[in-house]
$ cat my_file-v8.tsv   # TSV, C-alpha atoms
chain	number	residue	atom	x	y	z
A	60	MET	CA	109.69	112.41	103.31
A	61	LEU	CA	113.21	113.26	104.41
A	62	MET	CA	114.15	109.96	102.85
A	63	SER	CA	112.49	110.89	99.56
A	64	ILE	CA	114.37	114.19	99.36
A	65	LEU	CA	117.77	112.79	100.23
A	66	VAL	CA	117.70	109.34	98.75
A	67	PHE	CA	115.50	109.45	95.62
A	68	ALA	CA	115.71	105.74	94.87
A	69	GLY	CA	112.37	103.99	95.01
A	70	SER	CA	113.34	100.36	95.38
A	71	SER	CA	115.96	100.97	98.06
A	72	GLN	CA	113.53	103.18	100.00
A	73	PHE	CA	110.99	100.35	100.02
A	74	ILE	CA	113.64	97.84	100.98
A	75	ALA	CA	114.89	100.11	103.78
A	76	VAL	CA	111.39	100.50	105.20
A	77	SER	CA	110.76	96.76	105.18
A	78	MET	CA	114.19	96.11	106.71
A	79	LEU	CA	113.62	98.76	109.40
A	80	SER	CA	110.31	97.16	110.30
A	81	THR	CA	112.02	93.79	110.81
A	82	GLY	CA	114.62	95.47	113.02
A	83	ALA	CA	117.62	95.17	110.69
A	84	GLY	CA	120.79	97.04	111.62
A	85	ALA	CA	121.76	100.40	110.11
A	86	LEU	CA	124.87	99.04	108.46
A	87	SER	CA	123.12	96.19	106.69
A	88	ILE	CA	120.43	98.56	105.40
A	89	ILE	CA	123.03	100.96	104.05
A	90	LEU	CA	125.03	98.12	102.48
A	91	THR	CA	121.89	96.76	100.84
A	92	THR	CA	121.04	100.24	99.52
A	93	PHE	CA	124.52	100.49	98.11
A	94	ALA	CA	124.23	97.09	96.45
A	95	VAL	CA	120.77	97.82	95.05
A	96	ASN	CA	121.96	101.14	93.65
A	97	LEU	CA	125.16	99.74	92.16
A	98	ARG	CA	123.33	99.51	88.86
A	99	HIS	CA	123.30	103.31	88.73
A	100	LEU	CA	127.08	103.15	88.62
A	101	LEU	CA	126.66	101.41	85.32
A	102	MET	CA	123.99	103.83	84.10
A	103	SER	CA	126.05	106.88	85.02
A	104	SER	CA	129.05	105.35	83.28
A	105	SER	CA	127.16	104.90	80.06
A	106	LEU	CA	125.64	108.40	80.28
A	107	ALA	CA	129.11	109.82	80.89
A	108	VAL	CA	129.99	108.93	77.29
A	109	PHE	CA	127.71	111.71	76.07
A	110	LEU	CA	128.76	114.30	78.63
A	111	GLY	CA	132.45	114.73	77.96
A	112	ASP	CA	132.24	118.50	77.63
A	113	ALA	CA	129.88	119.24	80.54
A	114	THR	CA	130.90	121.25	83.58
A	115	ARG	CA	131.42	119.48	86.88
A	116	ARG	CA	128.77	121.66	88.57
A	117	LYS	CA	126.07	120.58	86.14
A	118	LEU	CA	127.11	116.95	86.35
A	119	THR	CA	126.83	117.15	90.14
A	120	LEU	CA	123.26	118.42	89.79
A	121	PHE	CA	122.51	115.80	87.16
A	122	ALA	CA	123.89	112.84	89.12
A	123	TYR	CA	121.23	113.25	91.81
A	124	GLY	CA	118.48	112.38	89.36
A	125	VAL	CA	119.97	109.31	87.70
A	126	THR	CA	117.28	106.67	88.20
A	127	ASP	CA	116.17	103.66	86.17
A	128	GLU	CA	113.40	105.66	84.55
A	129	SER	CA	115.26	108.90	83.86
A	130	PHE	CA	118.19	106.88	82.57
A	131	ALA	CA	115.95	105.08	80.10
A	132	VAL	CA	114.53	108.36	78.80
A	133	ASN	CA	117.77	110.33	78.72
A	134	HIS	CA	119.94	107.59	77.28
A	135	THR	CA	117.57	107.04	74.37
A	136	ARG	CA	117.46	110.75	73.60
A	137	PHE	CA	121.21	111.23	73.98
A	138	SER	CA	121.95	108.41	71.56
A	139	ARG	CA	119.70	110.06	68.96
A	140	LYS	CA	121.84	113.18	69.38
A	141	THR	CA	118.75	115.37	69.81
A	142	TRP	CA	119.31	115.99	73.47
A	143	SER	CA	121.19	118.38	75.74
A	144	LEU	CA	122.28	118.17	79.34
A	145	ASN	CA	119.92	121.04	80.21
A	146	ARG	CA	116.91	119.13	78.92
A	147	ALA	CA	118.08	116.02	80.73
A	148	LEU	CA	118.31	118.07	83.93
A	149	VAL	CA	114.68	119.13	83.51
A	150	VAL	CA	113.63	115.48	83.10
A	151	ASN	CA	115.51	114.38	86.20
A	152	HIS	CA	114.32	117.13	88.49
A	153	THR	CA	110.69	117.05	87.36
A	154	ALA	CA	110.70	113.35	88.20
A	155	ASN	CA	112.28	114.13	91.55
A	156	LEU	CA	109.76	116.83	92.45
A	157	THR	CA	106.87	114.48	91.62
A	158	TRP	CA	108.49	111.87	93.81
A	159	ILE	CA	108.75	114.21	96.81
A	160	VAL	CA	105.20	115.58	96.47
A	161	SER	CA	103.80	112.04	96.16
A	162	SER	CA	105.74	110.98	99.24
A	163	ILE	CA	104.21	113.81	101.28
A	164	ILE	CA	100.69	112.96	100.11
A	165	GLY	CA	101.35	109.28	100.82
A	166	GLY	CA	102.73	110.06	104.26
A	167	TYR	CA	99.61	111.96	105.29
A	168	SER	CA	96.98	109.74	103.67
A	169	GLY	CA	98.70	106.48	104.66
A	170	ARG	CA	97.39	106.76	108.21
A	171	PHE	CA	93.81	106.35	106.97
A	172	ILE	CA	94.59	102.92	105.54
A	173	HIS	CA	94.68	100.40	108.36
A	174	GLN	CA	97.39	97.78	108.48
A	175	GLY	CA	96.87	94.77	106.25
A	176	ALA	CA	94.06	96.38	104.25
A	177	PHE	CA	93.77	95.60	100.52
A	178	GLY	CA	96.72	93.21	100.67
A	179	ILE	CA	99.07	96.18	101.05
A	180	ASP	CA	101.64	93.83	102.61
A	181	TYR	CA	102.05	92.23	99.22
A	182	ALA	CA	102.66	95.46	97.25
A	183	LEU	CA	106.41	95.21	97.64
A	184	THR	CA	106.59	91.53	96.79
A	185	ALA	CA	104.55	92.09	93.64
A	186	MET	CA	106.76	95.03	92.68
A	187	PHE	CA	109.89	92.91	93.08
A	188	ILE	CA	108.34	90.18	90.95
A	189	CYS	CA	107.75	92.62	88.11
A	190	LEU	CA	111.12	94.38	88.45
A	191	LEU	CA	112.80	90.98	88.39
A	192	ILE	CA	111.02	90.11	85.15
A	193	PHE	CA	112.27	93.37	83.63
A	194	GLN	CA	115.79	92.24	84.49
A	195	LEU	CA	115.50	88.78	82.93
A	196	LYS	CA	116.84	89.84	79.56
A	197	GLY	CA	118.33	86.48	78.57
A	198	ARG	CA	119.33	83.01	79.73
A	199	LEU	CA	122.32	84.20	81.75
A	200	TYR	CA	120.12	86.61	83.72
A	201	VAL	CA	117.63	83.84	84.46
A	202	LEU	CA	120.48	81.60	85.61
A	203	THR	CA	121.81	84.39	87.83
A	204	ALA	CA	118.39	84.93	89.36
A	205	VAL	CA	117.90	81.20	90.00
A	206	ILE	CA	121.30	80.85	91.70
A	207	ALA	CA	120.86	84.04	93.71
A	208	GLY	CA	117.39	82.97	94.85
A	209	ALA	CA	118.50	79.48	95.88
A	210	VAL	CA	121.64	80.71	97.68
A	211	ALA	CA	119.62	83.45	99.39
A	212	VAL	CA	117.06	80.97	100.71
A	213	ILE	CA	119.80	78.68	102.07
A	214	LEU	CA	121.78	81.55	103.61
A	215	SER	CA	118.67	83.16	105.08
A	216	LEU	CA	118.01	79.94	107.00
A	217	ILE	CA	121.55	79.83	108.36
A	218	ILE	CA	122.45	83.45	109.13
A	219	PRO	CA	120.13	85.87	110.92
A	220	GLY	CA	119.71	89.42	109.61
A	221	SER	CA	119.66	90.41	105.97
A	222	SER	CA	123.28	90.15	104.87
A	223	TYR	CA	122.24	87.10	102.84
A	224	ILE	CA	120.89	89.47	100.16
A	225	VAL	CA	124.24	91.01	99.28
A	226	LEU	CA	126.15	87.75	99.79
A	227	ALA	CA	123.84	85.70	97.57
A	228	SER	CA	123.90	88.38	94.84
A	229	ILE	CA	127.68	88.55	94.73
A	230	ILE	CA	127.98	84.76	94.72
A	231	ALA	CA	125.44	84.42	91.89
A	232	ALA	CA	126.82	87.16	89.63
A	233	THR	CA	130.40	85.95	90.12
A	234	THR	CA	129.45	82.33	89.43
A	235	VAL	CA	127.56	83.15	86.25
A	236	LEU	CA	130.30	85.46	84.97
A	237	GLY	CA	132.85	82.73	85.73
A	238	LEU	CA	130.76	80.14	83.86
A	239	LYS	CA	130.40	82.51	80.92
A	240	LYS	CA	134.15	83.15	80.68
A	241	TRP	CA	134.91	79.45	81.13
A	242	GLY	CA	132.37	78.51	78.48
A	243	ALA	CA	133.80	81.06	76.04
A	244	ARG	CA	137.28	79.54	76.18
B	239	MET	CA	109.78	111.76	117.14
B	240	ILE	CA	111.94	109.97	114.60
B	241	HIS	CA	114.43	107.51	116.08
B	242	PRO	CA	118.01	108.87	115.72
B	243	GLU	CA	119.16	105.62	114.15
B	244	VAL	CA	116.63	106.16	111.36
B	245	ILE	CA	118.23	109.53	110.58
B	246	TRP	CA	121.63	107.83	110.33
B	247	VAL	CA	120.19	105.17	108.07
B	248	ILE	CA	118.72	107.84	105.78
B	249	LEU	CA	121.93	109.87	105.67
B	250	GLY	CA	123.96	106.74	104.97
B	251	MET	CA	121.53	105.73	102.24
B	252	ALA	CA	121.72	109.21	100.72
B	253	LEU	CA	125.49	108.93	100.53
B	254	VAL	CA	125.59	105.45	98.98
B	255	THR	CA	122.83	106.38	96.56
B	256	TYR	CA	124.41	109.59	95.39
B	257	LEU	CA	128.08	108.60	95.17
B	258	PRO	CA	127.68	105.73	92.67
B	259	ARG	CA	125.74	108.12	90.40
B	260	TRP	CA	128.16	111.00	90.77
B	261	VAL	CA	131.58	109.35	90.62
B	262	PRO	CA	131.26	107.77	87.15
B	263	LEU	CA	129.69	110.89	85.64
B	264	VAL	CA	132.54	113.09	86.77
B	265	PHE	CA	135.49	110.74	86.48
B	266	LEU	CA	134.54	108.35	83.71
B	267	SER	CA	133.44	110.91	81.14
B	268	ARG	CA	135.57	109.31	78.44
B	269	ARG	CA	137.16	106.22	79.97
B	270	ASN	CA	135.45	102.82	79.91
B	271	LEU	CA	135.15	100.27	82.69
B	272	PRO	CA	136.85	96.90	82.15
B	273	ARG	CA	134.55	94.57	80.27
B	274	TRP	CA	134.28	91.92	82.97
B	275	LEU	CA	133.19	94.57	85.49
B	276	VAL	CA	130.51	95.89	83.16
B	277	GLU	CA	129.22	92.35	82.59
B	278	TRP	CA	129.31	91.60	86.31
B	279	LEU	CA	127.45	94.81	87.22
B	280	ASP	CA	124.89	94.00	84.58
B	281	LEU	CA	124.02	90.71	86.31
B	282	ILE	CA	123.72	92.29	89.77
B	283	PRO	CA	120.16	93.70	89.59
B	284	ALA	CA	118.65	90.34	88.60
B	285	ALA	CA	120.63	88.68	91.39
B	286	ILE	CA	119.61	91.19	94.05
B	287	LEU	CA	115.92	91.18	93.18
B	288	SER	CA	115.82	87.40	93.23
B	289	ALA	CA	117.76	87.25	96.52
B	290	LEU	CA	115.28	89.71	98.02
B	291	LEU	CA	112.23	87.96	96.69
B	292	LEU	CA	112.70	84.21	97.09
B	293	PRO	CA	113.37	83.98	100.86
B	294	GLU	CA	110.31	86.19	101.32
B	295	LEU	CA	108.20	83.62	99.45
B	296	VAL	CA	109.41	80.33	100.90
B	297	THR	CA	110.53	81.13	104.46
B	298	ASN	CA	108.78	82.50	107.53
B	299	GLY	CA	109.31	83.45	111.18
B	300	THR	CA	112.37	84.24	113.32
B	301	PRO	CA	114.57	82.27	113.20
B	302	ARG	CA	113.52	81.62	109.63
B	303	HIS	CA	112.28	78.22	108.55
B	304	ILE	CA	111.01	76.83	105.24
B	305	ALA	CA	107.27	77.48	104.81
B	306	LEU	CA	106.05	76.32	101.42
B	307	TRP	CA	102.33	76.31	102.19
B	308	GLN	CA	101.80	80.05	102.67
B	309	PRO	CA	99.85	82.55	100.51
B	310	GLU	CA	103.08	84.51	99.83
B	311	LEU	CA	104.26	81.66	97.60
B	312	TRP	CA	101.14	80.65	95.72
B	313	VAL	CA	99.95	84.21	95.11
B	314	ALA	CA	103.37	84.81	93.56
B	315	ILE	CA	102.70	82.31	90.77
B	316	PRO	CA	99.73	84.07	89.08
B	317	THR	CA	101.37	87.43	89.85
B	318	PHE	CA	104.52	86.27	88.07
B	319	VAL	CA	102.55	85.08	85.04
B	320	PHE	CA	100.63	88.37	84.93
B	321	ALA	CA	103.86	90.41	85.09
B	322	LEU	CA	105.41	88.24	82.39
B	323	LYS	CA	102.43	88.74	80.04
B	324	THR	CA	101.73	92.43	80.63
B	325	LYS	CA	105.11	93.87	81.73
B	326	SER	CA	103.09	96.37	83.71
B	327	LEU	CA	104.52	97.41	87.06
B	328	GLY	CA	101.40	99.15	88.34
B	329	GLY	CA	99.12	96.35	87.14
B	330	THR	CA	101.28	93.67	88.75
B	331	VAL	CA	101.24	95.46	92.11
B	332	VAL	CA	97.44	95.81	92.00
B	333	ILE	CA	96.89	92.17	90.94
B	334	GLY	CA	99.36	90.88	93.53
B	335	MET	CA	97.70	92.88	96.31
B	336	ALA	CA	94.20	91.83	95.25
B	337	LEU	CA	95.12	88.12	95.12
B	338	PHE	CA	96.92	88.31	98.45
B	339	TRP	CA	93.93	90.01	100.03
B	340	LEU	CA	91.64	87.36	98.57
B	341	ALA	CA	93.91	84.55	99.81
B	342	HIS	CA	93.79	86.03	103.30
B	343	SER	CA	90.02	86.39	103.38
B	344	VAL	CA	89.60	82.79	102.21
B	345	THR	CA	91.96	81.25	104.77
$ encode --input "my_file-v8.tsv" --output "structure tokens"
Amino acid sequence: MLMSILVFAGSSQFIAVSMLSTGAGALSIILTTFAVNLRHLLMSSSLAVFLGDATRRKLTLFAYGVTDESFAVNHTRFSRKTWSLNRALVVNHTANLTWIVSSIIGGYSGRFIHQGAFGIDYALTAMFICLLIFQLKGRLYVLTAVIAGAVAVILSLIIPGSSYIVLASIIAATTVLGLKKWGAR
Amino acid sequence: MIHPEVIWVILGMALVTYLPRWVPLVFLSRRNLPRWLVEWLDLIPAAILSALLLPELVTNGTPRHIALWQPELWVAIPTFVFALKTKSLGGTVVIGMALFWLAHSVT
């Protein structure tokens, strides 16, 4: 619950829990969280375009709620020019409140579900499968995913721990970007 | 009750979650990132998700070894097809869990 209040980032919370349960180190969990949430850097950057005249205090409040979902909603509305920062703030913090309340309910009711029931171990894997499909927006993304997956499997066999996730991602994205630039010349 | 290291993990996560959202909003209000960086960042989520997923499907144990004949891998195939057809996150999770449960009760 503390995690839900302070972190508000679904996928990295799930990843952190699964990494904690396999005994991963604090640093590698934090680094993975950082890497997973790097995409919000991009989202915030593109939202910033619409918020040139906003006060720093409001932006600080707003930043907390920048997630994949709230970004999708707010960015669409902002680009139609029918939106204000105040409305966007309501969207972000309603989503956040729901998140925290659901986490509390989940935390208390979770104990009644015994381990391994209903294939719960597979919930995360299935979620990653679907989130990955959302990300495959073209051939270059598919290529990136294939390289990252292959490199990750190889690295995971060689190095213990979970640093292979960040390493493989950086290698894959850099390779594909390099190929793209080289192909464009 | 909670292990102190867990608190540190959560605080660290809070910091690295919040800062990447805050910094661009406040400092990049009008400036743009270099194009290559935008393109690179755009590829990162697909890379990370795949790097998280694939070793989970085809390896097992500590130290890890290749394990192709495990339910993790073959349940992933229909789950993948379902996600591709429906684009439904909730539905995919339910289907994946149900198939995995089934695979475990059969074996």
$ atom_distance --input "my_file-v8.tsv" --atom1 "atom CA of Val205 of chain A" --atom2 "atom CA of Leu238 of chain A"
14.3 Å
$ closest_residue --input "my_file-v8.tsv" --among "A:Gln194, A:Thr92, A:Ser228, A:Thr234" --to "Gly208 of chain A" --atoms "all atoms listed in the file"
A:Ser228
$ residues_around --input "my_file-v8.tsv" --residues "Ser215 of chain A" --least-positions-apart "5" --cutoff "12 Å" --atoms "all atoms listed in the file" --output "PyMOL selection string"
(chain A and resi 207-210+220-227) or (chain B and resi 289-304)
$ closest_residue --input "my_file-v8.tsv" --among "B:Ala341, B:Leu249, B:Met335, B:Ala314" --to "Ala182 of chain A" --atoms "all atoms listed in the file"
B:Met335
$ atom_distance --input "my_file-v8.tsv" --atom1 "atom CA of Leu337 of chain B" --atom2 "atom CA of Ile192 of chain A"
18.9 Å
$ residues_around --input "my_file-v8.tsv" --residues "Leu281 of chain B" --least-positions-apart "3" --cutoff "7 Å" --atoms "all atoms listed in the file" --output "ChimeraX atom specification"
/A:200,203,232 /B:277-278,284-285
$ closest_residue --input "my_file-v8.tsv" --among "B:Trp312, B:Leu275, B:Ile282, B:Ala305" --to "chain A" --atoms "only C-alpha atoms"
B:Ile282
$ atom_distance --input "my_file-v8.tsv" --atom1 "atom CA of Thr330 of chain B" --atom2 "atom CA of Ala185 of chain A"
6.1 Å
$ closest_residue --input "my_file-v8.tsv" --among "A:Ile206, A:Leu214, A:Ile229, A:Ile179" --to "Ala336 of chain B" --atoms "all atoms listed in the file"
A:Ile179
$ residues_near_point --input "my_file-v8.tsv" --point "(103.6, 92.0, 94.2)" --cutoff "10 Å" --atoms "only C-alpha atoms" --output "PyMOL selection string"
(chain A and resi 178-190) or (chain B and resi 291+310+313-314+317-318+321+327-338)
$ closest_residue --input "my_file-v8.tsv" --among "A:Ala243, A:Val235, A:Val212, A:Ile164" --to "chain B" --atoms "all atoms listed in the file"
A:Val212
$ closest_residue --input "my_file-v8.tsv" --among "A:Leu191, A:Ile89, A:Leu199, A:Leu216" --to "Gly237 of chain A" --atoms "all atoms listed in the file"
A:Leu199
$ axis_aligned_box --input "my_file-v8.tsv" --around "segment 328-338 of chain B" --padding-each-side "8 Å" --output "lines of an AutoDock Vina configuration file"
center_x = 97.8
center_y = 93.6
center_z = 92.8
size_x = 23.2
size_y = 27.0
size_z = 27.3
$ decode --input "my_file-v8.tsv" --residues "segment 275-287 of chain B" --atoms "all heavy atoms" --output "tab-separated table (two decimals), in the first residue's frame"
chain	number	residue	atom	x	y	z
B	275	LEU	N	17.19	10.93	-29.54
B	275	LEU	CA	16.86	10.52	-28.17
B	275	LEU	C	15.38	10.16	-28.07
B	275	LEU	O	15.00	9.17	-27.44
B	275	LEU	CB	17.21	11.64	-27.19
B	275	LEU	CG	17.02	11.31	-25.71
B	275	LEU	CD1	17.88	10.10	-25.32
B	275	LEU	CD2	17.37	12.50	-24.84
B	276	VAL	N	14.55	10.96	-28.74
B	276	VAL	CA	13.11	10.67	-28.76
B	276	VAL	C	12.86	9.31	-29.39
B	276	VAL	O	12.11	8.48	-28.87
B	276	VAL	CB	12.35	11.77	-29.53
B	276	VAL	CG1	10.88	11.40	-29.69
B	276	VAL	CG2	12.48	13.11	-28.81
B	277	GLU	N	13.53	9.06	-30.53
B	277	GLU	CA	13.35	7.78	-31.22
B	277	GLU	C	13.85	6.61	-30.37
B	277	GLU	O	13.24	5.55	-30.33
B	277	GLU	CB	14.08	7.80	-32.57
B	277	GLU	CG	13.40	8.70	-33.57
B	277	GLU	CD	14.19	8.80	-34.87
B	277	GLU	OE1	15.06	7.94	-35.11
B	277	GLU	OE2	13.95	9.75	-35.63
B	278	TRP	N	14.96	6.84	-29.68
B	278	TRP	CA	15.54	5.79	-28.85
B	278	TRP	C	14.61	5.47	-27.68
B	278	TRP	O	14.32	4.32	-27.38
B	278	TRP	CB	16.91	6.24	-28.34
B	278	TRP	CG	17.71	5.19	-27.65
B	278	TRP	CD1	18.46	4.21	-28.25
B	278	TRP	CD2	17.86	5.00	-26.24
B	278	TRP	NE1	19.06	3.42	-27.28
B	278	TRP	CE2	18.72	3.89	-26.04
B	278	TRP	CE3	17.37	5.67	-25.11
B	278	TRP	CZ2	19.07	3.42	-24.78
B	278	TRP	CZ3	17.72	5.20	-23.85
B	278	TRP	CH2	18.57	4.09	-23.70
B	279	LEU	N	14.12	6.53	-27.02
B	279	LEU	CA	13.21	6.35	-25.88
B	279	LEU	C	11.93	5.64	-26.30
B	279	LEU	O	11.33	4.89	-25.54
B	279	LEU	CB	12.85	7.71	-25.27
B	279	LEU	CG	13.91	8.36	-24.40
B	279	LEU	CD1	13.49	9.78	-24.04
B	279	LEU	CD2	14.13	7.53	-23.14
B	280	ASP	N	11.53	5.89	-27.53
B	280	ASP	CA	10.31	5.30	-28.05
B	280	ASP	C	10.43	3.78	-28.21
B	280	ASP	O	9.45	3.06	-28.12
B	280	ASP	CB	9.98	5.97	-29.40
B	280	ASP	CG	8.57	5.66	-29.83
B	280	ASP	OD1	7.69	5.59	-28.95
B	280	ASP	OD2	8.35	5.48	-31.04
B	281	LEU	N	11.66	3.32	-28.46
B	281	LEU	CA	11.88	1.88	-28.65
B	281	LEU	C	12.02	1.14	-27.31
B	281	LEU	O	11.84	-0.07	-27.23
B	281	LEU	CB	13.15	1.64	-29.48
B	281	LEU	CG	13.10	2.09	-30.93
B	281	LEU	CD1	14.50	2.00	-31.56
B	281	LEU	CD2	12.12	1.24	-31.73
B	282	ILE	N	12.34	1.89	-26.26
B	282	ILE	CA	12.66	1.28	-24.97
B	282	ILE	C	11.54	0.42	-24.37
B	282	ILE	O	11.80	-0.70	-23.92
B	282	ILE	CB	13.16	2.38	-23.98
B	282	ILE	CG1	14.59	2.79	-24.33
B	282	ILE	CG2	13.09	1.92	-22.53
B	282	ILE	CD1	15.65	1.72	-24.07
B	283	PRO	N	10.28	0.89	-24.34
B	283	PRO	CA	9.25	0.04	-23.71
B	283	PRO	C	9.12	-1.33	-24.35
B	283	PRO	O	9.04	-2.34	-23.64
B	283	PRO	CB	7.96	0.83	-23.89
B	283	PRO	CG	8.38	2.23	-24.11
B	283	PRO	CD	9.71	2.18	-24.76
B	284	ALA	N	9.15	-1.40	-25.67
B	284	ALA	CA	9.04	-2.70	-26.36
B	284	ALA	C	10.23	-3.58	-25.96
B	284	ALA	O	10.07	-4.77	-25.70
B	284	ALA	CB	9.00	-2.50	-27.87
B	285	ALA	N	11.41	-2.96	-25.90
B	285	ALA	CA	12.61	-3.71	-25.54
B	285	ALA	C	12.51	-4.25	-24.11
B	285	ALA	O	12.76	-5.43	-23.87
B	285	ALA	CB	13.84	-2.82	-25.68
B	286	ILE	N	12.12	-3.39	-23.19
B	286	ILE	CA	12.07	-3.81	-21.78
B	286	ILE	C	11.05	-4.92	-21.58
B	286	ILE	O	11.33	-5.92	-20.92
B	286	ILE	CB	11.72	-2.61	-20.87
B	286	ILE	CG1	12.90	-1.66	-20.78
B	286	ILE	CG2	11.35	-3.09	-19.47
B	286	ILE	CD1	12.62	-0.41	-20.01
B	287	LEU	N	9.87	-4.76	-22.15
B	287	LEU	CA	8.83	-5.77	-21.94
B	287	LEU	C	9.27	-7.12	-22.48
B	287	LEU	O	9.06	-8.15	-21.85
B	287	LEU	CB	7.52	-5.31	-22.58
B	287	LEU	CG	6.82	-4.20	-21.80
B	287	LEU	CD1	5.75	-3.52	-22.63
B	287	LEU	CD2	6.21	-4.76	-20.52
